[in-house]
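Step one of this worksheet: look at the structure below.
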Amino acid sequence: MPVPVILSGRFVRLEPLTASHAPALAAAAAADRSSYAFTPVPHGIESAHAYVHSALADQEAGRSLVFATVRAGDGLVVGSTRFCELDYWDGPVVWPPAPRGPLTGAADAVPDAAEIGATWLSAHAQGTGINTEAKLLMFQHAFDTWGVRRISLRADARNIRSRAAIERLGAVCEGVRRVHTRGLDGIVRGTAFYSVLYEEWPVVRHTIEQRLARARQDADGCRLVPA
């Protein structure tokens, strides 16, 4: 798997998820859970420990790189996100195509394509610029450090809020895979797939940076208002 890293910005710090994050994740998810209808989010301390254990098992198997999402201002854990579906294109062509690990098994291997997913935030962290900056940090690491050719994102086709957030980043909708899988509610659902290609990254970077600039102005303006 790729080497775990810390990605830091003004609003957010993404740090490697560890078992010690479980209590904070449980607290982050305990507030208003109304936005979690389509997203797997731990509920309670036991669920949080199981969530972290499962995430770290996937990471140990080389299937993902998992982060705790931390608010930069006060160090509060406000959610989680990860790179997943890590795909390596070295070696002979494999058919049918499917995500695979590096042929060498090197611990410092970097993928040629990846997905950003399993993202959730506590209710009080939503709409604060944290998610936008977290995506920018992850895109920067993927495109500028790893040199990936594609980053993918997906959402339950019914999750209008999540899809709108992805589209605001500048990702391209590749379509909806109909009757794709069962949702958290047990209903068979479609999945909307999005992607950003290496060639599109400069424009997407500019789009996200412009959004963050406005968020920073809003944050600075709030601090200037007398209490």
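Labels used: A, B, ... for chains in the order of the structure tokens, numbers from 1 for residues in each chain, and numbers from 1 for ligands as shown.
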Q: Within 10 Å of segment 20-24 of chain A, counting only C-alpha atoms, which residues show up once you throw out same-chain ones fewer than 2 positions away? Write them as a list in words, please.
A: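 Returned residues: Pro16, Leu17, Thr18, Ala26, Ala27, Ala28, Ala29, Ala30, Pro42, Gly44, Ile45, Glu46, Ser47, Ala48, His49, Ala50, Tyr51, Val52, His53, Phe67, Ala68, Thr69, Val70, Leu76, Val77, Val78, Gly79 and Ser80 of chain A.
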Q.
Need the shell around segment 183-190 of chain A: protein/DNA/RNA residues with any atom at most 7 Å away, counting only C-alpha atoms. Skip same-chain ones fewer than 5 positions apart. Format as a PyMOL selection string?
A. chain A and resi 38+156-157+176-178
Q) Among segment 9-79 of chain A, which residues carry a DSSP assignment of strand (DSSP E), reported as a PyMOL selection string? A) chain A and resi 12-16+64-71+77-79
Print the selection's residues with C-alpha atoms to a file, as a PDB file, in the first residue's frame.
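As written to disk, part-v2.pdb reads:
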ATOM      1  CA  VAL A  12      -8.549  20.503   8.045  1.00  0.00           C
ATOM      2  CA  ARG A  13      -5.832  17.985   8.782  1.00  0.00           C
ATOM      3  CA  LEU A  14      -6.103  14.443   7.421  1.00  0.00           C
ATOM      4  CA  GLU A  15      -4.112  12.076   9.586  1.00  0.00           C
ATOM      5  CA  PRO A  16      -3.698   8.273   9.375  1.00  0.00           C
ATOM      6  CA  SER A  64      -7.244   1.567   0.938  1.00  0.00           C
ATOM      7  CA  LEU A  65      -5.472   4.402   2.732  1.00  0.00           C
ATOM      8  CA  VAL A  66      -7.658   5.684   5.558  1.00  0.00           C
ATOM      9  CA  PHE A  67      -7.709   9.057   7.305  1.00  0.00           C
ATOM     10  CA  ALA A  68      -9.267  10.627  10.362  1.00  0.00           C
ATOM     11  CA  THR A  69     -10.593  14.074   9.438  1.00  0.00           C
ATOM     12  CA  VAL A  70      -9.467  16.617  12.037  1.00  0.00           C
ATOM     13  CA  ARG A  71     -10.558  20.248  12.312  1.00  0.00           C
ATOM     14  CA  VAL A  77     -11.946  14.789  15.040  1.00  0.00           C
ATOM     15  CA  VAL A  78     -14.951  15.447  12.794  1.00  0.00           C
ATOM     16  CA  GLY A  79     -15.125  12.411  10.501  1.00  0.00           C
TER      17      GLY A  79
END
Shell around segment 208-214 of chain A at 8 Å using only C-alpha atoms, local window under 2 positions removed, as a PDB file with N, CA and C atoms, in the first residue's frame:
ATOM      1  N   GLY A 129     -16.241  24.296   4.788  1.00  0.00           N
ATOM      2  CA  GLY A 129     -15.029  24.311   3.978  1.00  0.00           C
ATOM      3  C   GLY A 129     -14.128  23.122   4.239  1.00  0.00           C
ATOM      4  N   THR A 132     -14.400  20.470   1.361  1.00  0.00           N
ATOM      5  CA  THR A 132     -13.803  20.992   0.132  1.00  0.00           C
ATOM      6  C   THR A 132     -12.284  20.969   0.206  1.00  0.00           C
ATOM      7  N   GLU A 133     -11.731  21.432   1.338  1.00  0.00           N
ATOM      8  CA  GLU A 133     -10.276  21.449   1.459  1.00  0.00           C
ATOM      9  C   GLU A 133      -9.713  20.037   1.566  1.00  0.00           C
ATOM     10  N   LEU A 136      -9.355  18.785  -1.867  1.00  0.00           N
ATOM     11  CA  LEU A 136      -8.214  19.410  -2.528  1.00  0.00           C
ATOM     12  C   LEU A 136      -6.913  18.749  -2.085  1.00  0.00           C
ATOM     13  N   LEU A 169     -17.084  20.262  -7.150  1.00  0.00           N
ATOM     14  CA  LEU A 169     -15.629  20.137  -7.235  1.00  0.00           C
ATOM     15  C   LEU A 169     -15.131  20.221  -8.674  1.00  0.00           C
ATOM     16  N   GLY A 170     -16.027  19.958  -9.628  1.00  0.00           N
ATOM     17  CA  GLY A 170     -15.633  19.932 -11.024  1.00  0.00           C
ATOM     18  C   GLY A 170     -15.470  18.536 -11.579  1.00  0.00           C
ATOM     19  N   VAL A 204      -9.778  21.657 -12.281  1.00  0.00           N
ATOM     20  CA  VAL A 204     -10.451  21.280 -11.038  1.00  0.00           C
ATOM     21  C   VAL A 204      -9.760  21.933  -9.845  1.00  0.00           C
ATOM     22  N   ARG A 205      -8.429  21.945  -9.856  1.00  0.00           N
ATOM     23  CA  ARG A 205      -7.696  22.607  -8.778  1.00  0.00           C
ATOM     24  C   ARG A 205      -8.119  24.076  -8.661  1.00  0.00           C
ATOM     25  N   HIS A 206      -8.194  24.770  -9.796  1.00  0.00           N
ATOM     26  CA  HIS A 206      -8.582  26.178  -9.788  1.00  0.00           C
ATOM     27  C   HIS A 206     -10.001  26.342  -9.238  1.00  0.00           C
ATOM     28  N   ARG A 216     -12.615  31.115   2.996  1.00  0.00           N
ATOM     29  CA  ARG A 216     -11.684  31.806   3.896  1.00  0.00           C
ATOM     30  C   ARG A 216     -12.127  33.241   4.139  1.00  0.00           C
ATOM     31  N   GLN A 217     -12.618  33.905   3.092  1.00  0.00           N
ATOM     32  CA  GLN A 217     -13.114  35.269   3.250  1.00  0.00           C
ATOM     33  C   GLN A 217     -14.290  35.305   4.212  1.00  0.00           C
ATOM     34  N   ASP A 218     -15.189  34.324   4.065  1.00  0.00           N
ATOM     35  CA  ASP A 218     -16.343  34.249   4.965  1.00  0.00           C
ATOM     36  C   ASP A 218     -15.884  34.033   6.403  1.00  0.00           C
TER      37      ASP A 218
END
Excluding Ala192 of chain A and residues on its chain fewer than 2 positions from it, collect all residues at most 12 Å away from it, counting only C-alpha atoms, and give them as an mmCIF file with N, CA and C atoms, in the first residue's frame.
data_model
loop_
_atom_site.group_PDB
_atom_site.id
_atom_site.type_symbol
_atom_site.label_atom_id
_atom_site.label_comp_id
_atom_site.auth_asym_id
_atom_site.auth_seq_id
_atom_site.Cartn_x
_atom_site.Cartn_y
_atom_site.Cartn_z
ATOM 1 N N SER A 152 -11.537 8.621 -8.959
ATOM 2 C CA SER A 152 -12.970 8.372 -9.078
ATOM 3 C C SER A 152 -13.686 8.711 -7.777
ATOM 4 N N LEU A 153 -14.963 9.039 -7.890
ATOM 5 C CA LEU A 153 -15.831 9.239 -6.745
ATOM 6 C C LEU A 153 -17.177 8.625 -7.102
ATOM 7 N N ARG A 154 -17.947 8.242 -6.111
ATOM 8 C CA ARG A 154 -19.268 7.681 -6.380
ATOM 9 C C ARG A 154 -20.233 8.068 -5.267
ATOM 10 N N ALA A 155 -21.520 7.951 -5.567
ATOM 11 C CA ALA A 155 -22.548 8.263 -4.573
ATOM 12 C C ALA A 155 -23.811 7.487 -4.903
ATOM 13 N N ASP A 156 -24.562 7.162 -3.871
ATOM 14 C CA ASP A 156 -25.908 6.636 -4.077
ATOM 15 C C ASP A 156 -26.647 7.622 -4.985
ATOM 16 N N ALA A 157 -27.243 7.124 -6.044
ATOM 17 C CA ALA A 157 -27.895 8.016 -7.012
ATOM 18 C C ALA A 157 -28.981 8.870 -6.361
ATOM 19 N N ARG A 158 -29.536 8.442 -5.238
ATOM 20 C CA ARG A 158 -30.574 9.189 -4.543
ATOM 21 C C ARG A 158 -30.005 10.291 -3.645
ATOM 22 N N ASN A 159 -28.695 10.248 -3.421
ATOM 23 C CA ASN A 159 -28.068 11.183 -2.489
ATOM 24 C C ASN A 159 -27.749 12.492 -3.207
ATOM 25 N N ILE A 160 -28.763 13.316 -3.375
ATOM 26 C CA ILE A 160 -28.627 14.559 -4.126
ATOM 27 C C ILE A 160 -27.598 15.483 -3.492
ATOM 28 N N SER A 162 -24.864 14.727 -1.697
ATOM 29 C CA SER A 162 -23.509 14.264 -1.961
ATOM 30 C C SER A 162 -23.133 14.452 -3.422
ATOM 31 N N ARG A 163 -24.077 14.170 -4.312
ATOM 32 C CA ARG A 163 -23.788 14.330 -5.738
ATOM 33 C C ARG A 163 -23.532 15.792 -6.082
ATOM 34 N N ALA A 164 -24.291 16.694 -5.484
ATOM 35 C CA ALA A 164 -24.077 18.123 -5.743
ATOM 36 C C ALA A 164 -22.708 18.568 -5.249
ATOM 37 N N ILE A 166 -20.011 16.712 -5.026
ATOM 38 C CA ILE A 166 -19.010 16.178 -5.953
ATOM 39 C C ILE A 166 -18.974 17.016 -7.227
ATOM 40 N N GLU A 167 -20.140 17.382 -7.729
ATOM 41 C CA GLU A 167 -20.202 18.162 -8.976
ATOM 42 C C GLU A 167 -19.628 19.558 -8.784
ATOM 43 N N ALA A 171 -15.842 17.503 -10.811
ATOM 44 C CA ALA A 171 -15.757 16.132 -11.303
ATOM 45 C C ALA A 171 -16.787 15.903 -12.401
ATOM 46 N N VAL A 172 -16.467 15.032 -13.327
ATOM 47 C CA VAL A 172 -17.337 14.723 -14.459
ATOM 48 C C VAL A 172 -18.200 13.508 -14.119
ATOM 49 N N CYS A 173 -19.495 13.628 -14.337
ATOM 50 C CA CYS A 173 -20.399 12.495 -14.115
ATOM 51 C C CYS A 173 -20.293 11.542 -15.295
ATOM 52 N N GLU A 174 -19.941 10.290 -15.012
ATOM 53 C CA GLU A 174 -19.804 9.286 -16.056
ATOM 54 C C GLU A 174 -21.122 8.558 -16.313
ATOM 55 N N GLY A 175 -22.098 8.790 -15.433
ATOM 56 C CA GLY A 175 -23.393 8.152 -15.592
ATOM 57 C C GLY A 175 -23.827 7.441 -14.327
ATOM 58 N N VAL A 176 -25.011 6.881 -14.380
ATOM 59 C CA VAL A 176 -25.581 6.149 -13.250
ATOM 60 C C VAL A 176 -25.700 4.685 -13.622
ATOM 61 N N ARG A 177 -25.077 3.831 -12.824
ATOM 62 C CA ARG A 177 -25.238 2.387 -13.010
ATOM 63 C C ARG A 177 -26.533 1.977 -12.321
ATOM 64 N N ARG A 178 -27.507 1.648 -13.100
ATOM 65 C CA ARG A 178 -28.842 1.389 -12.584
ATOM 66 C C ARG A 178 -28.915 0.028 -11.894
ATOM 67 N N VAL A 179 -29.758 -0.035 -10.854
ATOM 68 C CA VAL A 179 -29.957 -1.276 -10.090
ATOM 69 C C VAL A 179 -28.590 -1.891 -9.787
ATOM 70 N N HIS A 180 -27.736 -1.096 -9.158
ATOM 71 C CA HIS A 180 -26.337 -1.493 -8.987
ATOM 72 C C HIS A 180 -26.105 -2.347 -7.751
ATOM 73 N N THR A 181 -26.702 -1.931 -6.621
ATOM 74 C CA THR A 181 -26.447 -2.647 -5.374
ATOM 75 C C THR A 181 -27.516 -2.259 -4.358
ATOM 76 N N ARG A 189 -30.500 0.142 -5.284
ATOM 77 C CA ARG A 189 -30.313 1.503 -5.717
ATOM 78 C C ARG A 189 -29.348 1.584 -6.890
ATOM 79 N N GLY A 190 -29.365 2.748 -7.589
ATOM 80 C CA GLY A 190 -28.370 3.036 -8.603
ATOM 81 C C GLY A 190 -27.184 3.750 -7.964
ATOM 82 N N TYR A 194 -18.417 9.338 -10.807
ATOM 83 C CA TYR A 194 -17.744 10.566 -11.220
ATOM 84 C C TYR A 194 -16.244 10.311 -11.326
ATOM 85 N N SER A 195 -15.565 11.187 -12.061
ATOM 86 C CA SER A 195 -14.118 11.061 -12.147
ATOM 87 C C SER A 195 -13.474 12.407 -12.452
#
Closest-contact table, segment 83-126 of chain A side, partner segment 1-7 of chain A, 12 Å, counting only C-alpha atoms, as a Markdown table:
| residue | atom | partner | partner_atom | distance |
| --- | --- | --- | --- | --- |
| A:Phe83 | CA | A:Pro2 | CA | 10.0 |
| A:Cys84 | CA | A:Met1 | CA | 10.5 |
| A:Glu85 | CA | A:Met1 | CA | 11.3 |
| A:Leu86 | CA | A:Met1 | CA | 8.5 |
| A:Asp87 | CA | A:Met1 | CA | 10.4 |
| A:Tyr88 | CA | A:Met1 | CA | 10.6 |
| A:Arg100 | CA | A:Met1 | CA | 11.0 |
| A:Gly101 | CA | A:Met1 | CA | 7.9 |
| A:Pro102 | CA | A:Met1 | CA | 8.4 |
| A:Leu103 | CA | A:Met1 | CA | 11.6 |
| A:Thr104 | CA | A:Met1 | CA | 11.0 |
| A:Gly105 | CA | A:Met1 | CA | 8.1 |
| A:Ala106 | CA | A:Met1 | CA | 7.6 |
| A:Ala107 | CA | A:Met1 | CA | 5.6 |
| A:Asp108 | CA | A:Pro2 | CA | 5.1 |
| A:Ala109 | CA | A:Pro2 | CA | 5.4 |
| A:Val110 | CA | A:Pro2 | CA | 5.4 |
| A:Pro111 | CA | A:Pro2 | CA | 7.6 |
| A:Asp112 | CA | A:Pro2 | CA | 11.3 |
| A:Ala114 | CA | A:Pro2 | CA | 11.3 |
Selected residues written out, C-alpha atoms, as a compact mmCIF listing (two decimals), in the first residue's frame:
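Final output, saved to result-v4.txt:
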# COMPACT_ATOMS: atom_id res chain seq x y z
CA PHE A 83 -8.42 6.47 -0.78
CA CYS A 84 -9.80 3.14 -1.99
CA GLU A 85 -10.01 1.00 -5.13
CA LEU A 86 -6.25 1.45 -5.51
CA ASP A 87 -5.26 0.21 -8.96
CA TYR A 88 -1.81 -0.49 -10.41
CA ARG A 100 -5.00 -5.03 -8.46
CA GLY A 101 -2.01 -4.44 -6.24
CA PRO A 102 1.54 -3.74 -7.39
CA LEU A 103 3.39 -6.71 -8.88
CA THR A 104 6.39 -6.05 -6.67
CA GLY A 105 4.38 -5.85 -3.45
CA ALA A 106 6.56 -2.91 -2.46
CA ALA A 107 5.43 -1.08 0.68
CA ASP A 108 6.02 2.28 -0.96
CA ALA A 109 4.23 1.51 -4.25
CA VAL A 110 1.93 4.21 -5.61
CA PRO A 111 -1.25 3.55 -7.60
CA ASP A 112 -2.05 4.61 -11.16
CA ALA A 114 -7.71 5.46 -7.10
Q) Rounded to one decimal in Å, what is the spacing between atom CA of Thr81 of chain A and atom CA of Pro97 of chain A? A)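 Answer for the atom CA of Thr81 of chain A to atom CA of Pro97 of chain A separation: 25.6 Å.
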Q) Expressed in Å to a single decimal, how great is the separation between atom CA of Leu25 of chain A and atom CA of Ala61 of chain A? A)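 So the answer is 22.4 Å.
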**Q.** In segment 4-227 of chain A, DSSP alpha helix (DSSP H) residues written as a VMD selection string
**A.** chain A and resid 22 to 28 45 to 60 130 to 140 160 to 168 201 to 224
**Q.** For atom CA of Ala37 of chain A and atom CA of Gly75 of chain A, the interatomic separation in Å (one decimal)
**A.**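 Separating atom CA of Ala37 of chain A from atom CA of Gly75 of chain A is a distance of 26.7 Å.
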